[in-house]
Amino acid sequence: MLHELTIENLGVIESARVDLGPGLTCVTGETGAGKTMVLTGLGLIMGSKSVRATVRTGADAAVAEAVVDAAPGSWPAERLEEAGAAFDDDGTVIVSRSVGATTRSRTVIGGRAVPQAVLAEVAAHWVTVHGQSDQARLRSSAEQRGILDGYADHGPLLERYQGAWWAWRQAQDELERMESGAELARLEAARLRDDLEAIDAVIPEPGEDARLKAEAEVLENSEAVRTGVAGAMAAIDGDAELTLVVAADAARRALADAARHDPALEELEKRLGDVAYAAADIGHELASYLDRMEADPARLEQIQLRRAELSGLMRRIGTDLDGVLAYRERAAAAVLEDDTWDQTLAARREAVTVAAAAVESLAEDLTASRKEAAARLAADVDAELAGLAMPDASFAVEVARAELRHSGADDVSMTLASHPGAPHRPVAEAASGGELSRIMLAIEVSLARHAAAPGHTFVFDEVDAGVGGKAAIAIGRRLAELARTHQVLVVTHLAQVAAHADRHIVVAKASDGAVTRSQVHQVDGEARVEELARLLSGHEDSKTALAHARELLEASRVAP
């Protein structure tokens, strides 16, 4: 439930604070006074997209803020807690939206900035808005099906059906791809099979080409390598009088004499000893290398032949050796698939059959549930229409079998017979504009009774358009009845509806010749009578209208 709504610099409204509470709240005002901005502010609180053009001229930003109930343990409360919102001790949370004229818009819930999409997600559980445009839902079979599913709470069943439907479509696609591309796929598999045989004949190893290249480099230049190694070994620890080992050891001994007198030189003596030992070790390794080294023309020829094999393989596949090995993995998988082609094809055909049976079964369950819910919805709406000055109308919901699709296998059609003996026709064709408003209201009340938790907020934007007289009184009475269990906010131009309100909000426009501002305030007592009179006649000082307004208020108090 919404407890209050504060608006600043939104359209013609400079600043306004609307106290809301349980029951029925009506908003009235002259055309152009700013009633739309009240709904725009409410829309911002519900997570609708911000529009910079709605910021009041000259203002840096528009702000809409509301205090909203978020029952502990409810899904919206848990979702907001995940987003970091803080709740007051009474379980309420403050929702704030700012729309910058030149800066970015912000959404803040419980003191924490959150994405606008998060607010829209949770607000759908708080508030339901209906306007004149919602009558278009009665002209679309898809929308009518959505209304029926909402009434029947088909969410879980529809989710299971749609999961089965997607599985069936995927199985169909996989089978179709396999059957339609069978010839090309099998030709490609034959080509890959030849490549796989060529690769397996060579049996390449990872990094083999680099290793062979390095070994060939040594063998092809063996004399130069031998000369270099021998020269290094001789300089390190050969027959000459002065070698690296001899020099390092002589330096160590010389420093040892000095170190006996200065301990600071002991570390340097030790390091020179390490140099001598390291040099001697390198000399031994070089000697061992020379012992192992031998010119081997046969080995060189062997390496060159192997490198030629690998090069031919890489040219054939068109990649380096690592690419050849990766290609082999893909080719082996494709060849294996070709080897099991018949079994795979049979398995995919079976998968389509099984998936089709599953989706057909769930479609039948969905159809049966829709037909049962259609009868209940029709009875509920008929009962509501009787209280909305349409006692002779007969409303029906027809469910006809259709082809399988994402939404099920049903076409839903809502029809109306406006009086006994009249044929049932599509609602949009059989009903006038005023009757459409009442039918939509009857449907929404039926939905609210079955789908909305007590305390849910409903907003109706001039759903009484095209209605007057007794029908208007009936609409006001029905909205008041709905408000006994839910919070209801109605923007109306009918005194017959506004008279049933628990609180009456007026949006009034004022201008000093240079600047136009709208004020939002609650009216009671005589001020409320005058506003009802204005709605009735256009003049708040008409004695006849004032008397009629008082009669409406008195009748609304005693209405059942």
# chains A, B, ... in the order shown; residues from 1 in each chain; ligands from 1
$ residues_around --residues "stretch 460-472 of chain A" --least-positions-apart "3" --cutoff "8 Å" --atoms "only C-alpha atoms" --output "ChimeraX atom specification"
/A:129-132,388-389,433-435,437-438,441,475-476,488-494,496-497
$ residues_around --residues "A:Gln144" --least-positions-apart "2" --cutoff "12 Å" --atoms "only C-alpha atoms" --output "ChimeraX atom specification"
/A:134-142,146-151,370,374,377,396-399,410-415,426-428,440,443
$ select_by_dssp --residues "stretch 220-465 of chain A" --states "strand (DSSP E or B)" --output "number ranges by chain"
A: 394-405, 408-417, 425-426, 457-461
$ write_last_selection --atoms "N, CA and C atoms" --output "PDB file, in the first residue's frame"
ATOM      1  N   SER A 394     -24.927 -10.416 -21.080  1.00  0.00           N
ATOM      2  CA  SER A 394     -24.394 -11.757 -20.848  1.00  0.00           C
ATOM      3  C   SER A 394     -22.977 -11.808 -21.407  1.00  0.00           C
ATOM      4  N   PHE A 395     -22.029 -12.065 -20.534  1.00  0.00           N
ATOM      5  CA  PHE A 395     -20.622 -12.098 -20.899  1.00  0.00           C
ATOM      6  C   PHE A 395     -20.167 -13.551 -20.983  1.00  0.00           C
ATOM      7  N   ALA A 396     -19.376 -13.885 -21.977  1.00  0.00           N
ATOM      8  CA  ALA A 396     -18.890 -15.265 -22.131  1.00  0.00           C
ATOM      9  C   ALA A 396     -17.427 -15.251 -22.552  1.00  0.00           C
ATOM     10  N   VAL A 397     -16.743 -16.311 -22.182  1.00  0.00           N
ATOM     11  CA  VAL A 397     -15.342 -16.497 -22.590  1.00  0.00           C
ATOM     12  C   VAL A 397     -15.249 -17.842 -23.295  1.00  0.00           C
ATOM     13  N   GLU A 398     -14.907 -17.793 -24.569  1.00  0.00           N
ATOM     14  CA  GLU A 398     -14.825 -19.020 -25.367  1.00  0.00           C
ATOM     15  C   GLU A 398     -13.364 -19.418 -25.560  1.00  0.00           C
ATOM     16  N   VAL A 399     -13.106 -20.706 -25.404  1.00  0.00           N
ATOM     17  CA  VAL A 399     -11.762 -21.260 -25.602  1.00  0.00           C
ATOM     18  C   VAL A 399     -11.838 -22.258 -26.753  1.00  0.00           C
ATOM     19  N   ALA A 400     -11.170 -21.941 -27.863  1.00  0.00           N
ATOM     20  CA  ALA A 400     -11.205 -22.801 -29.055  1.00  0.00           C
ATOM     21  C   ALA A 400      -9.822 -23.370 -29.327  1.00  0.00           C
ATOM     22  N   ARG A 401      -9.796 -24.611 -29.757  1.00  0.00           N
ATOM     23  CA  ARG A 401      -8.528 -25.286 -30.043  1.00  0.00           C
ATOM     24  C   ARG A 401      -7.851 -24.638 -31.244  1.00  0.00           C
ATOM     25  N   ALA A 402      -6.539 -24.436 -31.128  1.00  0.00           N
ATOM     26  CA  ALA A 402      -5.745 -23.868 -32.215  1.00  0.00           C
ATOM     27  C   ALA A 402      -4.464 -24.685 -32.351  1.00  0.00           C
ATOM     28  N   GLU A 403      -3.603 -24.296 -33.264  1.00  0.00           N
ATOM     29  CA  GLU A 403      -2.345 -25.014 -33.437  1.00  0.00           C
ATOM     30  C   GLU A 403      -1.422 -24.732 -32.241  1.00  0.00           C
ATOM     31  N   LEU A 404      -0.500 -25.640 -32.018  1.00  0.00           N
ATOM     32  CA  LEU A 404       0.458 -25.476 -30.922  1.00  0.00           C
ATOM     33  C   LEU A 404       1.324 -24.250 -31.165  1.00  0.00           C
ATOM     34  N   ARG A 405       1.442 -23.419 -30.146  1.00  0.00           N
ATOM     35  CA  ARG A 405       2.341 -22.278 -30.196  1.00  0.00           C
ATOM     36  C   ARG A 405       2.857 -22.004 -28.795  1.00  0.00           C
ATOM     37  N   GLY A 408       0.363 -21.859 -25.943  1.00  0.00           N
ATOM     38  CA  GLY A 408      -0.575 -22.965 -25.767  1.00  0.00           C
ATOM     39  C   GLY A 408      -1.183 -23.352 -27.094  1.00  0.00           C
ATOM     40  N   ALA A 409      -2.346 -23.974 -27.032  1.00  0.00           N
ATOM     41  CA  ALA A 409      -3.026 -24.402 -28.264  1.00  0.00           C
ATOM     42  C   ALA A 409      -4.462 -23.900 -28.251  1.00  0.00           C
ATOM     43  N   ASP A 410      -4.644 -22.646 -27.783  1.00  0.00           N
ATOM     44  CA  ASP A 410      -6.006 -22.122 -27.621  1.00  0.00           C
ATOM     45  C   ASP A 410      -6.123 -20.710 -28.168  1.00  0.00           C
ATOM     46  N   ASP A 411      -7.254 -20.431 -28.788  1.00  0.00           N
ATOM     47  CA  ASP A 411      -7.682 -19.068 -29.092  1.00  0.00           C
ATOM     48  C   ASP A 411      -8.758 -18.703 -28.071  1.00  0.00           C
ATOM     49  N   VAL A 412      -8.575 -17.557 -27.420  1.00  0.00           N
ATOM     50  CA  VAL A 412      -9.530 -17.109 -26.403  1.00  0.00           C
ATOM     51  C   VAL A 412     -10.297 -15.923 -26.946  1.00  0.00           C
ATOM     52  N   SER A 413     -11.606 -15.980 -26.819  1.00  0.00           N
ATOM     53  CA  SER A 413     -12.457 -14.902 -27.316  1.00  0.00           C
ATOM     54  C   SER A 413     -13.487 -14.536 -26.251  1.00  0.00           C
ATOM     55  N   MET A 414     -13.531 -13.251 -25.908  1.00  0.00           N
ATOM     56  CA  MET A 414     -14.530 -12.754 -24.959  1.00  0.00           C
ATOM     57  C   MET A 414     -15.661 -12.124 -25.752  1.00  0.00           C
ATOM     58  N   THR A 415     -16.886 -12.565 -25.473  1.00  0.00           N
ATOM     59  CA  THR A 415     -18.044 -12.105 -26.231  1.00  0.00           C
ATOM     60  C   THR A 415     -19.095 -11.520 -25.302  1.00  0.00           C
ATOM     61  N   LEU A 416     -20.011 -10.776 -25.892  1.00  0.00           N
ATOM     62  CA  LEU A 416     -21.062 -10.119 -25.115  1.00  0.00           C
ATOM     63  C   LEU A 416     -22.377 -10.163 -25.887  1.00  0.00           C
ATOM     64  N   ALA A 417     -23.453 -10.493 -25.166  1.00  0.00           N
ATOM     65  CA  ALA A 417     -24.821 -10.307 -25.669  1.00  0.00           C
ATOM     66  C   ALA A 417     -25.405  -9.186 -24.817  1.00  0.00           C
ATOM     67  N   ARG A 425     -21.441 -11.577 -29.537  1.00  0.00           N
ATOM     68  CA  ARG A 425     -20.471 -11.047 -30.494  1.00  0.00           C
ATOM     69  C   ARG A 425     -19.205 -10.654 -29.748  1.00  0.00           C
ATOM     70  N   PRO A 426     -18.078 -10.506 -30.446  1.00  0.00           N
ATOM     71  CA  PRO A 426     -16.863 -10.051 -29.764  1.00  0.00           C
ATOM     72  C   PRO A 426     -17.131  -8.789 -28.956  1.00  0.00           C
ATOM     73  N   THR A 457      -2.567  -2.257  -4.345  1.00  0.00           N
ATOM     74  CA  THR A 457      -3.015  -0.947  -4.816  1.00  0.00           C
ATOM     75  C   THR A 457      -3.455  -1.015  -6.271  1.00  0.00           C
ATOM     76  N   PHE A 458      -4.665  -0.520  -6.536  1.00  0.00           N
ATOM     77  CA  PHE A 458      -5.185  -0.427  -7.900  1.00  0.00           C
ATOM     78  C   PHE A 458      -5.348   1.047  -8.256  1.00  0.00           C
ATOM     79  N   VAL A 459      -4.875   1.401  -9.441  1.00  0.00           N
ATOM     80  CA  VAL A 459      -5.019   2.767  -9.940  1.00  0.00           C
ATOM     81  C   VAL A 459      -5.850   2.716 -11.208  1.00  0.00           C
ATOM     82  N   PHE A 460      -6.945   3.474 -11.222  1.00  0.00           N
ATOM     83  CA  PHE A 460      -7.829   3.532 -12.393  1.00  0.00           C
ATOM     84  C   PHE A 460      -7.812   4.952 -12.945  1.00  0.00           C
ATOM     85  N   ASP A 461      -7.407   5.088 -14.207  1.00  0.00           N
ATOM     86  CA  ASP A 461      -7.321   6.401 -14.842  1.00  0.00           C
ATOM     87  C   ASP A 461      -8.498   6.596 -15.783  1.00  0.00           C
TER      88      ASP A 461
END
$ atom_distance --atom1 "atom CA of A:Ala62" --atom2 "atom CA of A:Thr6"
10.8 Å
$ decode --residues "stretch 317-349 of chain A" --atoms "N, CA, C and O atoms" --output "CSV table (one decimal), in the first residue's frame"
chain,number,residue,atom,x,y,z
A,317,ILE,N,46.5,-29.2,-44.3
A,317,ILE,CA,45.4,-28.7,-43.4
A,317,ILE,C,45.4,-27.2,-43.4
A,317,ILE,O,44.3,-26.6,-43.1
A,318,GLY,N,46.5,-26.5,-43.7
A,318,GLY,CA,46.5,-25.1,-43.8
A,318,GLY,C,46.7,-24.4,-42.5
A,318,GLY,O,46.1,-23.3,-42.2
A,319,THR,N,47.5,-25.0,-41.6
A,319,THR,CA,47.7,-24.4,-40.3
A,319,THR,C,49.0,-24.9,-39.7
A,319,THR,O,49.7,-25.8,-40.4
A,320,ASP,N,49.4,-24.4,-38.5
A,320,ASP,CA,50.7,-24.9,-37.9
A,320,ASP,C,50.4,-26.3,-37.3
A,320,ASP,O,49.3,-26.8,-37.3
A,321,LEU,N,51.4,-26.8,-36.6
A,321,LEU,CA,51.3,-28.2,-36.1
A,321,LEU,C,50.3,-28.2,-34.9
A,321,LEU,O,49.5,-29.2,-34.8
A,322,ASP,N,50.2,-27.2,-34.1
A,322,ASP,CA,49.2,-27.2,-33.0
A,322,ASP,C,47.8,-27.2,-33.7
A,322,ASP,O,46.9,-27.8,-33.2
A,323,GLY,N,47.6,-26.4,-34.8
A,323,GLY,CA,46.4,-26.4,-35.5
A,323,GLY,C,46.0,-27.7,-36.1
A,323,GLY,O,44.8,-28.1,-36.1
A,324,VAL,N,47.0,-28.4,-36.6
A,324,VAL,CA,46.8,-29.8,-37.1
A,324,VAL,C,46.2,-30.7,-36.1
A,324,VAL,O,45.3,-31.5,-36.3
A,325,LEU,N,46.8,-30.6,-34.9
A,325,LEU,CA,46.4,-31.5,-33.8
A,325,LEU,C,45.0,-31.2,-33.3
A,325,LEU,O,44.2,-32.0,-33.0
A,326,ALA,N,44.6,-29.8,-33.3
A,326,ALA,CA,43.3,-29.4,-32.9
A,326,ALA,C,42.3,-29.9,-34.0
A,326,ALA,O,41.2,-30.3,-33.7
A,327,TYR,N,42.7,-29.7,-35.3
A,327,TYR,CA,41.9,-30.1,-36.4
A,327,TYR,C,41.6,-31.6,-36.3
A,327,TYR,O,40.5,-32.1,-36.6
A,328,ARG,N,42.6,-32.4,-35.9
A,328,ARG,CA,42.4,-33.9,-35.8
A,328,ARG,C,41.3,-34.2,-34.8
A,328,ARG,O,40.4,-35.1,-35.0
A,329,GLU,N,41.2,-33.4,-33.7
A,329,GLU,CA,40.2,-33.7,-32.7
A,329,GLU,C,38.8,-33.4,-33.3
A,329,GLU,O,37.8,-34.2,-33.1
A,330,ARG,N,38.7,-32.3,-34.0
A,330,ARG,CA,37.4,-32.0,-34.6
A,330,ARG,C,37.0,-33.0,-35.7
A,330,ARG,O,35.8,-33.5,-35.8
A,331,ALA,N,38.0,-33.4,-36.5
A,331,ALA,CA,37.7,-34.4,-37.6
A,331,ALA,C,37.3,-35.7,-37.0
A,331,ALA,O,36.4,-36.4,-37.5
A,332,ALA,N,38.0,-36.1,-35.9
A,332,ALA,CA,37.6,-37.4,-35.3
A,332,ALA,C,36.2,-37.4,-34.8
A,332,ALA,O,35.5,-38.4,-34.9
A,333,ALA,N,35.8,-36.3,-34.2
A,333,ALA,CA,34.4,-36.2,-33.7
A,333,ALA,C,33.4,-36.2,-34.8
A,333,ALA,O,32.4,-36.9,-34.7
A,334,ALA,N,33.7,-35.5,-35.9
A,334,ALA,CA,32.8,-35.5,-37.1
A,334,ALA,C,32.7,-36.9,-37.7
A,334,ALA,O,31.7,-37.4,-38.1
A,335,VAL,N,33.9,-37.6,-37.8
A,335,VAL,CA,33.9,-39.0,-38.4
A,335,VAL,C,33.1,-39.9,-37.5
A,335,VAL,O,32.4,-40.8,-38.0
A,336,LEU,N,33.3,-39.8,-36.2
A,336,LEU,CA,32.5,-40.6,-35.2
A,336,LEU,C,31.0,-40.4,-35.4
A,336,LEU,O,30.2,-41.3,-35.4
A,337,GLU,N,30.6,-39.1,-35.6
A,337,GLU,CA,29.2,-38.8,-35.8
A,337,GLU,C,28.7,-39.4,-37.1
A,337,GLU,O,27.6,-39.9,-37.1
A,338,ASP,N,29.6,-39.4,-38.1
A,338,ASP,CA,29.2,-40.0,-39.4
A,338,ASP,C,29.0,-41.5,-39.2
A,338,ASP,O,28.2,-42.2,-39.8
A,339,ASP,N,29.9,-42.1,-38.4
A,339,ASP,CA,29.9,-43.6,-38.2
A,339,ASP,C,28.6,-44.0,-37.5
A,339,ASP,O,28.1,-45.1,-37.6
A,340,THR,N,28.0,-43.0,-36.6
A,340,THR,CA,26.8,-43.3,-35.9
A,340,THR,C,25.6,-42.6,-36.5
A,340,THR,O,24.7,-42.3,-35.7
A,341,TRP,N,25.7,-42.2,-37.7
A,341,TRP,CA,24.7,-41.3,-38.4
A,341,TRP,C,23.3,-41.9,-38.2
A,341,TRP,O,22.3,-41.3,-37.8
A,342,ASP,N,23.1,-43.1,-38.6
A,342,ASP,CA,21.8,-43.8,-38.6
A,342,ASP,C,21.2,-43.8,-37.2
A,342,ASP,O,20.0,-43.6,-37.0
A,343,GLN,N,22.1,-44.2,-36.2
A,343,GLN,CA,21.6,-44.3,-34.8
A,343,GLN,C,21.2,-42.9,-34.3
A,343,GLN,O,20.2,-42.7,-33.7
A,344,THR,N,22.0,-41.8,-34.7
A,344,THR,CA,21.7,-40.5,-34.2
A,344,THR,C,20.4,-40.0,-34.9
A,344,THR,O,19.6,-39.3,-34.2
A,345,LEU,N,20.2,-40.3,-36.1
A,345,LEU,CA,19.0,-39.8,-36.8
A,345,LEU,C,17.8,-40.5,-36.2
A,345,LEU,O,16.8,-39.8,-35.9
A,346,ALA,N,17.9,-41.8,-35.9
A,346,ALA,CA,16.8,-42.5,-35.2
A,346,ALA,C,16.5,-41.9,-33.8
A,346,ALA,O,15.3,-41.7,-33.4
A,347,ALA,N,17.6,-41.5,-33.1
A,347,ALA,CA,17.4,-41.0,-31.8
A,347,ALA,C,16.8,-39.6,-31.8
A,347,ALA,O,15.9,-39.3,-31.0
A,348,ARG,N,17.1,-38.8,-32.8
A,348,ARG,CA,16.5,-37.5,-32.9
A,348,ARG,C,15.1,-37.6,-33.3
A,348,ARG,O,14.2,-36.7,-32.9
A,349,ARG,N,14.7,-38.5,-34.2
A,349,ARG,CA,13.3,-38.7,-34.5
A,349,ARG,C,12.5,-39.1,-33.3
A,349,ARG,O,11.4,-38.6,-33.1
